[in-house]
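Peer 1: What follows is a structure written as structure tokens; I'll ask about it next.
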Amino acid sequence: MALEKTLAVRYSSARMTYEEFAAELMRTRVLSDPWLDGAERFRLSGLVLPAERVAALATAAEAVGALLEEIAEVVWREPALLDDYYHLTPYQKLMWLSARGAWHGIARADLFETEGGGIACCEVNSDTPSGQAEAVLLNRLLLGEHGPVEDPNTGFRDRFLDMLRTAHGARPIRRVGIVYPTELTEDLSMIALYRDWLGAAGIDVVLGSPFNLGWGLGGNLAARGGQLTLLGEPVDLVLRHYKTDWWGERLPVWFDQEPYPEPEALHQPLTCLLQASERGDVTVVNPFGAVITQNKLSYALCHEEKHRFSPRARDAIDRYLPETRRFVTLDRARLAAERTAWVLKSDYGCEGAETLVGAFTAEKEWLDALEMAIPSRWVAQRFFRVAPDGDGTLPNIGVFLVGGTAAAYFTRLAKGPTSYGAQTAPTYVRPQFEA
Amino acid sequence: MSETNEKETFASWWQPLTRREFAGGTLAVAAVAAVATTQAGCCLCSPSKPEGPPESESVEDSLSLQKANGWNIGQEDKALVLPGLTDADSKGGQGWRTYLSPDALVAALTPAAAEFQPYFVPTLVQALGQATLATKMGPTYDESMKEAYARGESIGKTLLPATEKANTTLIVVDLPGRLAVAMGAGLAETAHLAFTFDNWPHPIGVVKSHEALGALLYYAGEISEKKAKLGADAPLAMILDGSRLSPFTNPDTQFDNRYVAKLPEPGQLKAKGIKNILYVTPDRTQERELDDLNDLFVDYKKADMQVAVMPAADLQRSAEPEKRTIQTDAGPREVVEYRYYYGGYPHTHFYFFTYYPFWVYRPAYMMRTGIIYRGAMRPPMFARPMYSPVARPTAFSGYRMAAARGGVGRARPSGFGRTSVRTSGGRVTGVRAGGSGSFGRGYSG
């Protein structure tokens, strides 16, 4: 698309000092960590994109979202793939079948502008996407610092709530249970944002972990029947921010990796939730079918089995999805020789975790990884060069898809692969009359 | 800003409640009788005569006594009660008469796979060598057997075919004798059967093994036919009589023909690639192994083998009848039957694999099962039995023998499977059970 080549990203200066911003940020009582390991987590100078560029990003993200839906269809029609291609565990298969392949409510497609001027999508977090709080609050706090720009994320809350209501059907949503790993703090800001959004919409919220799910007023996990509860409170909808691979059996991806301390699937919480969902008592967002779309082997399926897909999907594969192959189909010697041309990703690794970018990885570490990776659990994705911004950072523009359409934008900047330590910048749209 | 605002709110493909179906829409679980009147005059059991050699009392192994003195020692004239006695076998014919010969029945029941033959215990079948027993025996069949058979078929035809490497799991069916046989017959098309009935019937036996023998006669022809078609990689199912440890409460009215089960040692199973045990109990009133298996099951666990309990009653009858054609000696016959599903419904059936994950489930194989499956999987209305073998003191603790000879072995605790007799001049003159002989006049203590 010519549009993809016409306009480069541009940063706008902010006048606020970081300390002033940090004070503002903490007053939100949602985002409370302006610094990470002593370094600034946020960049005050935002990414200001022309409207056409935003439209191109939205088109790309939506095309990849539609592609994931086709992947779900392909796998649903050919259940042998669950074993032969994905090597799913019993509980993972249970999740997929019980959800009938439904996978989506909200997702985040991570897009990059390539040196060639195109848009590449390295992966989509279709399971438990995060960054919502940063996307909304950072944009709001710094909007006045960027002159005549528009905030593309102002409608995010309403779109999200509409999606939940649509997912739940005609029934009222009285109480939402947000299920997340309560022992981890990384995504607390997102949980707080969801709680605020839902509360403002008159919906009660209860927070808890999978272990707090139960039945009836007693919240007894082992009992059967009655209403699904979280911490003893009946819930109509569960916002699932607990990764599918954590609900199932936890298996190492490296030959020399210690087994997980608790490798068993979360049998009772999972079956409790699946049963309530199947009975129609509770809506789960995202549905458990994400166990397939979140699996990186799905990207390999697109390239290795391209004939299974529609012309539209094939176009999206060619246009946006870097060549991806299963590790088991590639010659290890070739991967060793072509280190800088490939990125290794485990099936359920996310972002920095279990992702090795050959171009940014020392040769010995790369060779060790090739030796120790359990082949069936890994893919190799063709490395692509990202067009850097002025100071050499590589913008990763996350486009939130809500119900399959673009709803918000979330920019992270890193010198190398995007990891938890990447800086976040606000994302704005330059009105069309300025372009 | 972006064109998103002018478009549909959500993508056309996004349906919050995706109603996907599987391809093609088809995929798609005695009391012992009162003391009989002892008949005097039998040479073995006649009251000792005052003028004969003095009597001595001893406790003997029940089976040895039966082998030496007849299967119905002490109760020679007592009728053998056979509930469900019928005139035809499972194939609708008279083929069962062939199997009144112990050799023929042993041949029919011996596992087709040589590696499993050591696990077959022919003791009960060999009792047919007693002419007075063979003439009393016939095939038996009742509704409870029909149900057990259907449950066996449910495992054999709809669970095993949906799994990969089913032969890594040993199925242990531990149900009351005739039901265990019926379930085994239902499994026979997909599993090698090793029957382990290690006693003889007795008219007042505490274990009604004649009922199991009647069931064997009913299904022998069918089992024989099915085993001939089994693949070498079919799993092993060991068939135990769950009433082998029936309460023995009154030595005066009951004959103690109890016995302990014989199952392979962990090392033997592992050498055959068997890593898991699926222990089938009658229902949820029994959610752990019987006492005589405790030591062994704990050892299975110590050997990193997974042991799981499945109550047979968890395979429940569907509310919807299905017509199907069965082969009988008189030709094909259409019957209306009810399938048994895990949890009672097609949509709960494959949840079995969630509860018993050591059977590696292949959704792609669901086509093989013939189950009409039109919905998402749902959990059944019961939870997975929470079970793990735990050592507990039982009457059998520490009695297991090392089965070094390649088969299976087990010792019995004292006072188990034994009978008090009085002998005189090397002959049995009375049997306490039933009060035969001199026992009929009183117990000396």
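Every chain in the structure tokens takes a letter, A first, then B, and so on in the order presented; its residues are numbered from 1, and the ligands are numbered from 1 following the presented order.
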With a cut-off of 6 Å, could you pull out the residues of stretch 113-227 of chain B touching stretch 84-94 of chain B and give me the nearest pair of atoms for each, distance in Å to one decimal, using only C-alpha atoms, ordered by chain and ascending number, as a Markdown table?
Peer 2:
| residue | atom | partner | partner_atom | distance |
| --- | --- | --- | --- | --- |
| B:Pro139 | CA | B:Thr86 | CA | 5.7 |
| B:Thr140 | CA | B:Leu85 | CA | 4.3 |
| B:Tyr141 | CA | B:Gly84 | CA | 5.0 |
| B:Asp142 | CA | B:Gly84 | CA | 5.3 |
| B:Tyr218 | CA | B:Asp89 | CA | 4.4 |
| B:Tyr219 | CA | B:Ser90 | CA | 5.6 |
Peer 1: For B:Tyr341, work out the shell of residues within 6 Å, counting only C-alpha atoms and skipping chain neighbours fewer than 3 positions away, then give it as a list in words.
Peer 2: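 Close residues of B:Tyr341: Val29, Leu315, Gln316, Gly344, Tyr345 and His349 of chain B.
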Peer 1: Looking only at strand (DSSP E) from DSSP on the backbone, list the matching residues of stretch 161-393 of chain B as a PyMOL selection string.
Peer 2: chain B and resi 163-164+169-175+192-195+236-241+276-281+306-311+315-328+331-342+360-361
Peer 1: Residues of chain A within 8 Å of chain B, using only C-alpha atoms, as number ranges by chain?
Peer 2: A: 51-52, 54-55, 58, 66, 69, 76-80, 82-83, 90-91, 94, 97-102, 104-105, 150, 152, 159, 166-168, 222, 224, 271, 274-275, 278, 402-407, 429, 431
Peer 1: Please provide as a list in words all residues within 12 Å of A:Gly169, with the sequence filter that same-chain residues fewer than 2 positions apart are discarded (counting only C-alpha atoms).
Peer 2: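 In the requested form, the answer reads Asp162, Met163, Leu164, Arg165, Thr166, Ala167, Arg171, Pro172, Ile173, Asp236, Leu237, Gly280, Asp281, Val282 and Thr283 of chain A; Gln15, Pro16 and Leu17 of chain B.
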Peer 1: DSSP on the backbone, then: every residue of stretch 199-420 of chain A marked alpha helix (DSSP H), written as a PyMOL selection string.
Peer 2: chain A and resi 199-200+244-247+267-278+290-293+297-304+311-320+332-337+363-372
Peer 1: Any idea what's packed within 12 Å of B:Pro111, counting only C-alpha atoms, ignoring anything in its chain fewer than 3 positions away? Could you give it as a PyMOL selection string?
Peer 2: chain B and resi 105-108+114-122+188+191-196+223-232+234-239
Peer 1: Check the smallest atom-to-atom distance from each of A:Leu301, A:Ala316, A:Leu184, A:Val179 to A:Val285 using only C-alpha atoms, then report the winner.
Peer 2: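 Once distances to A:Val285 are computed over only C-alpha atoms, the minimum belongs to A:Val179.
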Peer 1: Near A:Ala23, within 12 Å and counting only C-alpha atoms, which residues show up once chain neighbours fewer than 3 positions away are dropped, as an mmCIF file with C-alpha atoms, in the first residue's frame?
Peer 2:
data_model
loop_
_atom_site.group_PDB
_atom_site.id
_atom_site.type_symbol
_atom_site.label_atom_id
_atom_site.label_comp_id
_atom_site.auth_asym_id
_atom_site.auth_seq_id
_atom_site.Cartn_x
_atom_site.Cartn_y
_atom_site.Cartn_z
ATOM 1 C CA MET A 16 6.195 19.243 31.236
ATOM 2 C CA THR A 17 9.123 18.064 33.349
ATOM 3 C CA TYR A 18 9.258 14.385 34.193
ATOM 4 C CA GLU A 19 8.801 15.103 37.873
ATOM 5 C CA GLU A 20 5.658 17.110 37.171
ATOM 6 C CA MET A 26 0.420 9.108 40.536
ATOM 7 C CA ARG A 27 -2.645 11.252 41.097
ATOM 8 C CA THR A 28 -4.493 8.965 38.659
ATOM 9 C CA ARG A 29 -4.165 6.236 41.319
ATOM 10 C CA LEU A 31 -0.529 4.201 37.146
ATOM 11 C CA SER A 32 1.776 4.546 40.113
ATOM 12 C CA ASP A 33 5.172 3.587 38.788
ATOM 13 C CA PRO A 34 6.765 6.368 36.695
ATOM 14 C CA TRP A 35 10.185 4.812 37.165
ATOM 15 C CA LEU A 141 -2.164 13.435 30.735
#
Peer 1: Considering only C-alpha atoms, give me a table of residues in stretch 303-368 of chain A that are at most 9 Å from stretch 247-261 of chain A, with the closest atom pair and distance in Å for each, as CSV.
Peer 2:
residue,atom,partner,partner_atom,distance
A:Ser346,CA,A:Val253,CA,7.1
A:Asp347,CA,A:Val253,CA,8.5
A:Glu354,CA,A:Val253,CA,8.6
Peer 1: Would you pick out the contacts of B:Pro176 at 10 Å or less, using only C-alpha atoms, so that residues sharing its chain but fewer than 3 positions from it are not included, and give the list as a list of chain:residue names?
Peer 2: B:Val173, B:Leu179, B:Ala180, B:Val181, B:Val207, B:Lys208, B:Ser209, B:Glu211, B:Ala212, B:Leu240, B:Asp241, B:Gly242, B:Ser243, B:Arg244, B:Ser246, B:Thr281, B:Pro282
